[in-house]
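> Next up, final.cif (mmCIF, C-alpha atoms).
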data_input
loop_
_atom_site.label_atom_id
_atom_site.label_comp_id
_atom_site.auth_asym_id
_atom_site.auth_seq_id
_atom_site.Cartn_x
_atom_site.Cartn_y
_atom_site.Cartn_z
CA MET A 20 -13.47 19.14 71.03
CA ALA A 21 -13.27 22.25 73.18
CA GLU A 22 -12.32 24.49 70.31
CA ILE A 23 -14.90 26.72 68.71
CA ARG A 24 -14.72 27.28 65.00
CA PRO A 25 -16.84 30.00 63.47
CA ILE A 26 -19.74 28.50 61.55
CA ILE A 27 -19.42 28.91 57.81
CA PRO A 28 -22.53 30.20 56.08
CA THR A 29 -23.70 27.69 53.46
CA ASP A 30 -22.91 30.11 50.62
CA VAL A 31 -19.17 29.71 51.27
CA MET A 32 -19.36 25.91 51.51
CA TYR A 33 -18.30 23.95 48.47
CA THR A 34 -21.07 21.97 46.81
CA ARG A 35 -21.13 18.17 47.00
CA THR A 36 -20.22 18.06 43.31
CA ALA A 37 -17.20 20.35 43.81
CA ILE A 38 -16.09 18.28 46.81
CA ALA A 39 -16.51 14.97 44.93
CA LEU A 40 -14.61 16.24 41.88
CA HIS A 41 -11.83 17.65 44.12
CA TRP A 42 -11.20 14.34 45.90
CA LEU A 43 -11.54 12.41 42.62
CA THR A 44 -8.78 14.64 41.24
CA VAL A 45 -6.63 13.95 44.32
CA ALA A 46 -7.02 10.19 43.77
CA LEU A 47 -6.33 10.45 40.01
CA ILE A 48 -3.24 12.66 40.37
CA ALA A 49 -1.80 10.52 43.18
CA THR A 50 -2.36 7.29 41.20
CA GLY A 51 -1.23 8.76 37.88
CA PHE A 52 1.91 10.23 39.41
CA ALA A 53 2.79 7.02 41.30
CA ILE A 54 2.28 4.87 38.18
CA GLY A 55 4.30 7.32 36.08
CA LYS A 56 7.19 7.30 38.52
CA TRP A 57 7.10 3.50 38.73
CA MET A 58 6.61 2.65 35.05
CA VAL A 59 9.67 4.51 33.76
CA GLY A 60 11.86 2.04 35.66
CA LEU A 61 10.10 -1.09 34.36
CA PRO A 62 11.70 -3.27 31.71
CA ILE A 63 9.82 -3.06 28.40
CA ALA A 64 7.36 -5.97 28.42
CA PRO A 65 3.72 -6.48 27.33
CA GLN A 66 2.58 -5.68 30.88
CA THR A 67 4.62 -2.44 30.82
CA LEU A 68 2.78 -1.31 27.67
CA ARG A 69 -0.49 -1.78 29.56
CA VAL A 70 0.80 0.21 32.54
CA TYR A 71 1.83 3.05 30.20
CA ALA A 72 -1.67 2.99 28.69
CA TYR A 73 -3.28 3.22 32.16
CA HIS A 74 -1.04 6.17 33.04
CA LYS A 75 -2.19 7.97 29.87
CA TRP A 76 -5.85 7.20 30.56
CA ILE A 77 -5.54 8.63 34.07
CA GLY A 78 -3.85 11.77 32.72
CA ILE A 79 -6.56 12.38 30.12
CA THR A 80 -9.17 11.83 32.85
CA VAL A 81 -7.48 14.48 35.02
CA PHE A 82 -7.74 16.87 32.07
CA LEU A 83 -11.45 16.11 31.55
CA VAL A 84 -12.29 16.31 35.26
CA THR A 85 -10.45 19.65 35.44
CA ILE A 86 -12.56 21.02 32.57
CA ALA A 87 -15.68 19.82 34.44
CA ARG A 88 -14.43 21.45 37.67
CA LEU A 89 -13.68 24.77 36.00
CA THR A 90 -17.13 24.78 34.43
CA TRP A 91 -18.71 23.92 37.78
CA ARG A 92 -16.67 26.52 39.62
CA TYR A 93 -17.64 29.20 37.11
CA THR A 94 -21.34 28.43 37.53
CA HIS A 95 -21.11 27.85 41.32
CA PRO A 96 -18.61 30.41 42.65
CA VAL A 97 -17.57 30.08 46.28
CA PRO A 98 -15.93 33.10 47.94
CA LEU A 99 -13.02 32.70 50.34
CA PRO A 100 -14.01 32.92 54.02
CA ALA A 101 -14.14 36.50 55.31
CA GLY A 102 -11.33 37.77 57.47
CA LEU A 103 -8.43 36.27 55.51
CA PRO A 104 -5.46 38.65 55.19
CA GLN A 105 -4.92 40.09 51.73
CA TRP A 106 -1.67 38.19 51.11
CA GLN A 107 -3.42 34.90 51.78
CA ARG A 108 -6.19 35.81 49.32
CA HIS A 109 -3.57 36.53 46.67
CA ALA A 110 -1.61 33.39 47.50
CA ALA A 111 -4.80 31.28 47.35
CA ALA A 112 -5.79 32.76 43.98
CA ALA A 113 -2.28 32.33 42.54
CA SER A 114 -1.93 28.72 43.73
CA HIS A 115 -5.43 27.76 42.57
CA ILE A 116 -4.86 29.25 39.11
CA SER A 117 -1.46 27.51 38.90
CA LEU A 118 -3.00 24.20 39.95
CA TYR A 119 -5.71 24.44 37.30
CA VAL A 120 -3.19 25.44 34.61
CA LEU A 121 -0.95 22.51 35.56
CA MET A 122 -3.83 20.03 35.72
CA LEU A 123 -4.58 20.97 32.11
CA ALA A 124 -1.01 21.42 30.85
CA THR A 125 0.53 18.28 32.38
CA PRO A 126 -1.77 15.77 30.63
CA ILE A 127 -1.48 17.70 27.36
CA SER A 128 2.33 17.65 27.64
CA GLY A 129 2.09 13.87 28.09
CA TRP A 130 -0.15 13.55 25.04
CA LEU A 131 2.29 15.74 23.04
CA PHE A 132 5.24 13.68 24.30
CA SER A 133 3.53 10.45 23.27
CA SER A 134 2.65 11.92 19.86
CA ALA A 135 6.22 13.14 19.23
CA SER A 136 7.43 9.63 20.17
CA GLY A 137 5.13 8.19 17.48
CA VAL A 138 2.86 6.46 19.99
CA GLN A 139 -0.85 7.09 19.61
CA VAL A 140 -3.07 7.41 22.69
CA ILE A 141 -6.32 5.45 22.77
CA TYR A 142 -8.33 6.77 25.69
CA LEU A 143 -9.67 3.87 27.79
CA GLY A 144 -8.75 1.62 24.88
CA LEU A 145 -11.83 2.97 23.09
CA ILE A 146 -11.33 6.50 21.79
CA ALA A 147 -8.38 7.04 19.47
CA LEU A 148 -6.91 10.48 20.08
CA PRO A 149 -5.18 12.11 17.14
CA ASN A 150 -1.41 12.56 17.29
CA LEU A 151 -0.87 16.25 18.04
CA VAL A 152 2.55 16.46 16.36
CA PRO A 153 4.39 14.21 13.89
CA LYS A 154 7.01 11.81 15.23
CA ASP A 155 10.20 13.77 15.93
CA GLU A 156 13.13 12.53 18.02
CA ALA A 157 14.38 15.94 19.17
CA LEU A 158 10.89 17.19 19.99
CA SER A 159 10.18 13.96 21.88
CA ALA A 160 13.27 14.48 24.07
CA THR A 161 12.25 18.09 24.80
CA LEU A 162 8.66 17.13 25.60
CA LYS A 163 9.88 14.36 27.90
CA SER A 164 11.72 16.98 29.99
CA VAL A 165 8.71 19.32 29.85
CA HIS A 166 6.34 16.53 30.97
CA PHE A 167 8.63 15.57 33.87
CA ALA A 168 9.14 19.21 34.92
CA LEU A 169 5.39 19.95 34.85
CA ASN A 170 4.71 16.84 36.93
CA PHE A 171 7.19 17.79 39.62
CA THR A 172 5.94 21.40 39.63
CA LEU A 173 2.41 20.05 40.03
CA LEU A 174 3.60 17.80 42.87
CA ALA A 175 5.25 20.77 44.59
CA LEU A 176 2.08 22.88 44.24
CA VAL A 177 -0.13 20.05 45.50
CA LEU A 178 2.07 19.74 48.58
CA LEU A 179 1.96 23.52 49.11
CA HIS A 180 -1.83 23.48 48.67
CA ALA A 181 -2.26 20.59 51.14
CA GLY A 182 0.23 22.21 53.54
CA ALA A 183 -1.73 25.47 53.47
CA ALA A 184 -4.99 23.60 54.13
CA LEU A 185 -3.43 21.77 57.09
CA ARG A 186 -2.03 25.05 58.42
CA HIS A 187 -5.51 26.57 58.29
CA HIS A 188 -6.91 23.60 60.17
CA PHE A 189 -4.26 22.96 62.80
CA VAL A 190 -2.53 26.32 63.22
CA GLN A 191 -5.08 28.97 62.37
CA ARG A 192 -7.91 26.68 63.46
CA ASP A 193 -10.36 28.09 60.93
CA ARG A 194 -12.86 26.33 58.66
CA VAL A 195 -10.95 26.44 55.39
CA LEU A 196 -10.13 22.72 55.27
CA LEU A 197 -13.60 21.78 56.51
CA ARG A 198 -15.15 23.49 53.48
CA MET A 199 -13.58 20.77 51.35
CA LEU A 200 -13.67 18.00 53.98
CA PRO A 201 -17.07 18.28 55.68
CA VAL A 202 -16.70 14.71 57.01
CA LEU A 203 -14.26 16.06 59.60
CA SER A 204 -16.69 18.83 60.47
CA ARG A 205 -19.51 16.42 61.23
CA ARG A 206 -17.29 14.27 63.37
CA HIS A 207 -16.24 17.30 65.36
CA GLU A 208 -19.57 18.97 65.81
CA GLU A 209 -22.23 16.35 65.53
CA PRO A 210 -20.80 13.30 67.30
CA THR A 211 -24.23 11.96 68.19
CA ARG A 212 -25.58 11.81 64.65
CA MET B 11 12.65 -20.09 -3.00
CA LYS B 12 15.25 -22.59 -1.86
CA PRO B 13 17.80 -21.88 -4.62
CA PHE B 14 17.25 -18.14 -4.27
CA ARG B 15 17.81 -18.26 -0.57
CA SER B 16 21.42 -19.18 -1.04
CA LEU B 17 21.82 -16.27 -3.40
CA VAL B 18 20.74 -13.68 -0.86
CA PRO B 19 24.05 -13.38 0.98
CA LEU B 20 25.87 -13.20 -2.35
CA LEU B 21 23.56 -10.47 -3.63
CA ALA B 22 23.87 -8.63 -0.36
CA ALA B 23 27.65 -8.78 -0.61
CA MET B 24 27.51 -7.49 -4.19
CA LEU B 25 25.24 -4.67 -3.07
CA LEU B 26 27.57 -3.74 -0.27
CA ALA B 27 30.47 -3.60 -2.68
CA ALA B 28 28.43 -1.55 -5.16
CA SER B 29 27.13 1.06 -2.74
CA SER B 30 29.61 3.64 -1.57
CA GLY B 31 29.42 4.18 2.19
CA ALA B 32 26.32 5.99 3.41
CA THR B 33 25.17 7.16 0.02
CA ALA B 34 22.82 4.89 -1.77
CA GLU B 35 23.10 4.10 -5.43
CA GLY B 36 20.58 6.11 -7.42
CA VAL B 37 18.65 7.19 -4.32
CA LEU B 38 18.58 10.57 -2.58
CA ILE B 39 18.93 9.08 0.88
CA ASP B 40 18.09 12.23 2.86
CA LYS B 41 14.74 12.57 1.12
CA SER B 42 13.98 8.86 1.27
CA GLU B 43 12.77 6.87 4.22
CA ILE B 44 11.80 3.46 5.52
CA ARG B 45 9.05 3.74 8.08
CA PHE B 46 6.70 1.30 9.76
CA VAL B 47 3.53 1.35 11.80
CA SER B 48 2.90 -1.29 14.42
CA LYS B 49 0.02 -1.56 16.88
CA ALA B 50 0.61 -1.87 20.61
CA MET B 51 -2.47 -2.21 22.82
CA GLY B 52 -4.47 -1.19 19.76
CA ALA B 53 -2.60 2.12 19.46
CA SER B 54 -0.50 2.80 16.39
CA VAL B 55 3.23 3.08 17.05
CA GLU B 56 5.25 4.73 14.30
CA GLY B 57 8.89 4.01 13.74
CA ARG B 58 11.61 4.14 11.14
CA PHE B 59 15.11 2.96 10.46
CA ARG B 60 17.87 5.52 10.68
CA ARG B 61 20.45 3.62 8.62
CA TRP B 62 19.87 1.67 5.46
CA LYS B 63 21.23 1.33 1.97
CA ALA B 64 19.40 1.11 -1.28
CA ASN B 65 20.31 0.31 -4.81
CA VAL B 66 17.60 1.26 -7.24
CA ASP B 67 17.84 1.05 -10.99
CA PHE B 68 14.43 2.14 -12.14
CA ARG B 69 13.57 2.23 -15.83
CA PRO B 70 10.01 3.38 -16.42
CA SER B 71 10.31 2.53 -20.14
CA ASP B 72 11.60 -0.94 -19.38
CA PRO B 73 10.25 -2.06 -16.02
CA ALA B 74 11.37 -5.63 -16.55
CA LYS B 75 14.99 -4.46 -16.44
CA SER B 76 14.43 -2.40 -13.31
CA LYS B 77 15.93 -3.57 -10.07
CA ALA B 78 15.69 -2.55 -6.47
CA SER B 79 17.44 -3.78 -3.41
CA LEU B 80 17.49 -2.56 0.15
CA GLU B 81 19.60 -3.36 3.13
CA VAL B 82 18.31 -2.15 6.47
CA GLU B 83 20.49 -1.92 9.56
CA LEU B 84 17.99 -3.21 12.11
CA ALA B 85 19.86 -1.87 15.15
CA SER B 86 19.23 1.64 13.81
CA ILE B 87 15.55 1.36 14.69
CA ASP B 88 13.87 4.56 15.85
CA VAL B 89 10.75 3.70 17.84
CA ALA B 90 8.97 5.11 20.91
CA SER B 91 11.92 5.46 23.31
CA GLU B 92 15.53 4.42 23.82
CA ALA B 93 14.33 1.63 26.11
CA THR B 94 11.99 0.36 23.39
CA GLU B 95 14.77 0.52 20.81
CA ALA B 96 17.09 -1.44 23.13
CA GLU B 97 14.33 -4.05 23.56
CA ALA B 98 13.82 -4.26 19.78
CA ARG B 99 17.51 -5.16 19.32
CA ARG B 100 17.31 -8.07 21.78
CA ALA B 101 16.99 -11.72 20.81
CA ALA B 102 13.19 -11.85 21.23
CA TRP B 103 12.79 -9.19 18.54
CA PHE B 104 15.33 -8.56 15.75
CA ASP B 105 18.30 -10.21 17.52
CA THR B 106 20.58 -7.70 15.84
CA ALA B 107 23.72 -9.30 17.30
CA LYS B 108 23.03 -12.40 15.17
CA PHE B 109 20.99 -10.84 12.36
CA PRO B 110 22.14 -7.25 11.87
CA VAL B 111 20.43 -6.57 8.55
CA ALA B 112 17.16 -7.13 6.75
CA THR B 113 17.37 -7.26 2.98
CA PHE B 114 14.91 -6.87 0.18
CA THR B 115 15.92 -7.94 -3.30
CA SER B 116 13.58 -7.48 -6.21
CA THR B 117 12.98 -10.37 -8.55
CA ALA B 118 10.49 -8.74 -10.93
CA VAL B 119 9.16 -5.24 -11.58
CA ARG B 120 5.87 -4.98 -13.42
CA ALA B 121 4.06 -1.92 -14.79
CA LEU B 122 0.38 -1.82 -13.81
CA GLY B 123 -0.43 1.14 -16.02
CA GLY B 124 -0.41 4.81 -15.20
CA ASP B 125 2.06 5.59 -12.47
CA ARG B 126 1.60 2.30 -10.71
CA TYR B 127 4.06 -0.53 -10.51
CA GLU B 128 4.49 -3.75 -8.63
CA ILE B 129 7.81 -4.89 -7.27
CA ALA B 130 8.06 -8.54 -6.34
CA GLY B 131 11.01 -9.69 -4.34
CA ALA B 132 12.42 -11.51 -1.37
CA LEU B 133 12.43 -10.05 2.11
CA ALA B 134 14.99 -11.65 4.42
CA MET B 135 15.00 -10.93 8.13
CA LYS B 136 16.17 -12.87 11.20
CA GLY B 137 17.04 -15.89 9.09
CA VAL B 138 13.62 -16.09 7.41
CA THR B 139 13.05 -15.25 3.76
CA LYS B 140 9.60 -14.56 2.33
CA ASP B 141 8.39 -13.49 -1.09
CA ILE B 142 6.53 -10.23 -0.99
CA VAL B 143 4.92 -7.93 -3.52
CA ILE B 144 5.11 -4.18 -2.99
CA PRO B 145 2.68 -1.97 -4.92
CA VAL B 146 4.47 1.26 -5.79
CA ALA B 147 3.15 4.62 -6.97
CA LEU B 148 5.48 6.92 -8.85
CA ARG B 149 5.30 10.71 -8.98
CA LYS B 150 7.54 13.70 -9.59
CA ASP B 151 8.37 16.17 -6.84
CA ALA B 152 8.92 19.92 -7.34
CA GLY B 153 12.63 19.35 -7.98
CA GLY B 154 11.97 16.92 -10.82
CA ASN B 155 12.99 13.91 -8.74
CA SER B 156 11.05 10.70 -9.06
CA VAL B 157 9.34 9.71 -5.85
CA ALA B 158 8.45 6.04 -5.53
CA GLU B 159 6.19 5.22 -2.60
CA GLY B 160 5.22 1.72 -1.65
CA GLN B 161 3.51 0.09 1.25
CA PHE B 162 3.08 -3.49 2.31
CA THR B 163 2.00 -5.38 5.40
CA LEU B 164 4.15 -8.07 6.91
CA LYS B 165 3.33 -10.54 9.65
CA ARG B 166 6.04 -10.06 12.26
CA LEU B 167 5.53 -13.55 13.71
CA GLU B 168 6.38 -15.12 10.32
CA PHE B 169 9.83 -13.59 10.80
CA LYS B 170 10.00 -14.53 14.50
CA ILE B 171 10.04 -10.81 15.37
CA GLY B 172 8.75 -10.68 18.93
CA GLU B 173 9.04 -14.15 20.43
CA GLY B 174 8.13 -15.55 23.85
CA GLU B 175 5.91 -13.20 25.85
CA TRP B 176 5.88 -10.84 22.86
CA ALA B 177 4.16 -13.42 20.66
CA ASP B 178 0.96 -12.24 22.39
CA THR B 179 -0.74 -10.25 19.62
CA SER B 180 -3.09 -8.54 22.10
CA ALA B 181 -0.05 -6.57 23.28
CA VAL B 182 1.62 -6.06 19.88
CA ALA B 183 -0.30 -6.87 16.70
CA ASP B 184 1.07 -9.37 14.18
CA ASP B 185 0.56 -6.99 11.25
CA VAL B 186 3.19 -4.35 10.66
CA ILE B 187 2.70 -1.82 7.88
CA VAL B 188 5.95 -0.93 6.16
CA ARG B 189 6.13 2.27 4.14
CA VAL B 190 9.02 2.87 1.83
CA ARG B 191 9.70 6.13 0.05
CA MET B 192 12.59 6.28 -2.37
CA VAL B 193 13.46 9.55 -4.05
CA LEU B 194 15.45 9.16 -7.25
CA PRO B 195 17.22 12.04 -8.99
CA PRO B 196 16.13 12.99 -12.54
CA VAL B 197 17.53 10.56 -15.09
CA SER B 198 20.23 12.36 -16.98
CA GLN B 199 20.54 10.25 -20.13
#
Render the structure in this file as C-alpha cells.


Amino acid sequence: MAEIRPIIPTDVMYTRTAIALHWLTVALIATGFAIGKWMVGLPIAPQTLRVYAYHKWIGITVFLVTIARLTWRYTHPVPLPAGLPQWQRHAAAASHISLYVLMLATPISGWLFSSASGVQVIYLGLIALPNLVPKDEALSATLKSVHFALNFTLLALVLLHAGAALRHHFVQRDRVLLRMLPVLSRRHEEPTR
Amino acid sequence: MKPFRSLVPLLAAMLLAASSGATAEGVLIDKSEIRFVSKAMGASVEGRFRRWKANVDFRPSDPAKSKASLEVELASIDVASEATEAEARRAAWFDTAKFPVATFTSTAVRALGGDRYEIAGALAMKGVTKDIVIPVALRKDAGGNSVAEGQFTLKRLEFKIGEGEWADTSAVADDVIVRVRMVLPPVSQ
C-alpha cells in the first residue's frame, strides 16, 4: 500500500474487549434479524416454535451485551480522532446514541410483544423471564408494529453506521475503521509479521 | 360413561335452546372468562376462548341441585398470534370444522365446606368424553356478584388435541391448565 495513514495514538484505539463486543453484537444483530425476518413466514410447527425461541434468546443477548458495552465504554472512554469536522462529531455522537438506544429498546419491545401475546420468554431455555404486561390482543398488535419498526430503524442505522465507516476508510482514507478493525491495519502495515 | 355419552348432544341441544344468543343463563358473561395455560418449549403460553355459553344454576344452600354447563366455541381461540390460532383450528388440533364445540356438563356438585365446592362432570371435545372434577372457590365481588373460580388440568393428548408432529410433548406439553371464572349476579329470591 502506497497510502500513508496517520498513526493513531493508542489512547484513541478501542480496547480488545470493546472490539470483541462490537463484532459479537454485529453477529448477533445480523443473525437475530435474519431469523426474525425468516421465521414470520414459516408455517406454525414444533420446529418454528424453536426458531422463535432462538430469535428471542439472541435478542435478549443483544440487550445484555449492550449493557456490558455501555459499562465498558463508560469506564474506558475513547475520544474520536482529532481533526474531524464538527458536523461529523455531532453525527457520530447522534448515531452512536441512537444505536445504543435501539439495541436496548428493540429486544425489550420484543419481550413486551411476546408478553402481550401471552407467550413467556425463557432465556436460553433456562431462565424464565417474567411477563412484562398481561395478555392483551390490542396491545399485542401495537407492540408487533413497534417491534417491526424498531428493527427496521435499527437496520437503517446499522447500514448508515457501516456506510460512514467505509466512507472514512475508502474516501477519507483515515483510521476510523481501523480503530474497530485492527486486523486490516496489521495487514496493511505489517505484512511481514 | 357410555349411556351418558349419548346424552351429551341432547343436553347440548337443550342448552342451546335455553340460552338466549350471546348472553349466558345466570352468568355475567363480560366479567367471566375461560382461559388456559399451555407450555411450549417450556414457556407458558396463555390463551382464552372469545366465545362460549354457560348455563349455571348455583344453589349454595342446596349444592346437589346445582347445575353447570358450558359450551365453548373452539374456533374462537385467542392464543399467541393469528397464525397460531389458525393452526389450532386445523385437524391436528381442535379440528373445528368437524368438532366446533367443547362441552362441559356437570353431573354432581358437592360442598367441601367453607367456600369450596367440587363440580364433577363430563368434558367432551373432539369426539372424546372424559369425566373431570373441577374444584371451585366461591367469593363475592364488590358488586355483590358471586365469583366462582375453578381450575383443572387436562391432558391434551387424551382428547387428540395436537396430533402427528404436535404429539411431541417436548414442543408442547401434554398438560394444559384450564381456568374458569364465572361471575353470577346476586340471587334475587

> Within 10 Å of (7.7, 1.0, 5.3) in the file's own coordinates, which protein, DNA or RNA residues have an atom, counting all atoms listed in the file? List them as a list in words.

Glu43, Ile44, Arg45, Phe46, Val47, Gly57, Arg58, Phe59, Glu159, Gly160, Gln161, Phe162, Thr163, Leu164, Val186, Ile187, Val188, Arg189, Val190 and Arg191 of chain B

> Check the smallest atom-to-atom distance from each of A:Ser164, A:Thr67, A:Ser117, A:Gln107 to chain B using all atoms listed in the file, then report the winner.

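Selected residue with least distance to chain B: A:Thr67.
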
> If you apply the PyMOL selection byres ((chain A) within 8 of (chain B)) to this file, what residues do you get, as an NGL selection string?

:A and (62-65 or 68-69 or 72 or 133 or 136-141 or 144 or 147 or 154)

> Could you spell out the hits of the PyMOL selection byres ((chain B and resi 71) around 12) on the shown file, as a list in words?

Asp67, Phe68, Arg69, Pro70, Asp72, Pro73, Ala74, Lys75, Ser76, Val119, Arg120, Ala121, Gly123, Asp125, Tyr127 and Val197 of chain B

> One number please: atom CA of A:His115 to atom CA of A:Leu40, in Å, one decimal.

14.7 Å

> In Å, with one decimal, what is the gap from atom CA of A:Ala168 to atom CA of A:Thr90?

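Atom CA of A:Thr90 lies 26.9 Å from atom CA of A:Ala168.
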
> Which residues fall under the PyMOL selection byres ((chain B and resi 65) around 7) in this file, as number ranges by chain?

B: 34-36, 63-64, 66-67, 78-80

> List every protein, DNA or RNA residue with an atom no more than 9 Å from (9.9, -9.5, -5.0) in the file's coordinates, counting all atoms listed in the file, and format the result as a list in words.

Phe114, Thr115, Ser116, Thr117, Ala118, Val119, Glu128, Ile129, Ala130, Gly131, Ala132, Leu133, Lys140, Asp141, Ile142, Val143 and Ile144 of chain B

> Quick check, in Å to one decimal: how far apart do atom CA of B:Met135 and atom CA of B:Lys165 lie?

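Atom CA of B:Met135 sits 11.8 Å away from atom CA of B:Lys165.
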
> Can you pull out the residues contacting A:Ala184? Cut-off 10 Å, using all atoms listed in the file, and skip same-chain residues under 5 positions away; I want them as a count of residues only.

11

> For stretch 126-150 of chain B, which lacks atoms in the input, supply N, CA and C atoms and format the output as a tab-separated table (two decimals), in the frame of the given file.


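Saved result, selection25.tsv, follows:
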chain	number	residue	atom	x	y	z
B	126	ARG	N	1.56	3.36	-11.70
B	126	ARG	CA	1.60	2.30	-10.71
B	126	ARG	C	2.44	1.11	-11.17
B	127	TYR	N	3.19	0.60	-10.22
B	127	TYR	CA	4.06	-0.53	-10.51
B	127	TYR	C	3.94	-1.55	-9.39
B	128	GLU	N	4.50	-2.69	-9.63
B	128	GLU	CA	4.49	-3.75	-8.63
B	128	GLU	C	5.89	-4.33	-8.58
B	129	ILE	N	6.46	-4.32	-7.41
B	129	ILE	CA	7.81	-4.89	-7.27
B	129	ILE	C	7.69	-6.17	-6.45
B	130	ALA	N	8.04	-7.27	-7.07
B	130	ALA	CA	8.06	-8.54	-6.34
B	130	ALA	C	9.49	-8.81	-5.93
B	131	GLY	N	9.65	-9.41	-4.78
B	131	GLY	CA	11.01	-9.69	-4.34
B	131	GLY	C	11.04	-10.52	-3.08
B	132	ALA	N	12.23	-10.69	-2.56
B	132	ALA	CA	12.42	-11.51	-1.37
B	132	ALA	C	12.83	-10.63	-0.21
B	133	LEU	N	12.10	-10.78	0.89
B	133	LEU	CA	12.43	-10.05	2.11
B	133	LEU	C	13.06	-11.04	3.09
B	134	ALA	N	14.28	-10.75	3.50
B	134	ALA	CA	14.99	-11.65	4.42
B	134	ALA	C	15.26	-10.92	5.72
B	135	MET	N	14.88	-11.56	6.82
B	135	MET	CA	15.00	-10.93	8.13
B	135	MET	C	15.06	-12.02	9.18
B	136	LYS	N	16.02	-11.92	10.08
B	136	LYS	CA	16.17	-12.87	11.20
B	136	LYS	C	16.18	-14.32	10.70
B	137	GLY	N	16.87	-14.53	9.59
B	137	GLY	CA	17.04	-15.89	9.09
B	137	GLY	C	15.84	-16.45	8.35
B	138	VAL	N	14.82	-15.64	8.12
B	138	VAL	CA	13.62	-16.09	7.41
B	138	VAL	C	13.51	-15.28	6.12
B	139	THR	N	13.23	-15.96	5.01
B	139	THR	CA	13.05	-15.25	3.76
B	139	THR	C	11.65	-15.50	3.23
B	140	LYS	N	10.96	-14.44	2.86
B	140	LYS	CA	9.60	-14.56	2.33
B	140	LYS	C	9.50	-13.75	1.04
B	141	ASP	N	8.68	-14.25	0.12
B	141	ASP	CA	8.39	-13.49	-1.09
B	141	ASP	C	7.32	-12.47	-0.77
B	142	ILE	N	7.56	-11.26	-1.20
B	142	ILE	CA	6.53	-10.23	-0.99
B	142	ILE	C	6.33	-9.45	-2.28
B	143	VAL	N	5.20	-8.79	-2.38
B	143	VAL	CA	4.92	-7.93	-3.52
B	143	VAL	C	4.61	-6.55	-2.98
B	144	ILE	N	5.33	-5.54	-3.48
B	144	ILE	CA	5.11	-4.18	-2.99
B	144	ILE	C	4.50	-3.34	-4.11
B	145	PRO	N	3.25	-2.89	-3.93
B	145	PRO	CA	2.68	-1.97	-4.92
B	145	PRO	C	3.35	-0.59	-4.75
B	146	VAL	N	3.73	0.00	-5.85
B	146	VAL	CA	4.47	1.26	-5.79
B	146	VAL	C	3.80	2.30	-6.69
B	147	ALA	N	3.66	3.51	-6.16
B	147	ALA	CA	3.15	4.62	-6.97
B	147	ALA	C	4.31	5.57	-7.24
B	148	LEU	N	4.37	6.05	-8.46
B	148	LEU	CA	5.48	6.92	-8.85
B	148	LEU	C	4.96	8.32	-9.15
B	149	ARG	N	5.68	9.32	-8.66
B	149	ARG	CA	5.30	10.71	-8.98
B	149	ARG	C	6.56	11.54	-9.04
B	150	LYS	N	6.41	12.77	-9.53
B	150	LYS	CA	7.54	13.70	-9.59
B	150	LYS	C	7.38	14.72	-8.48
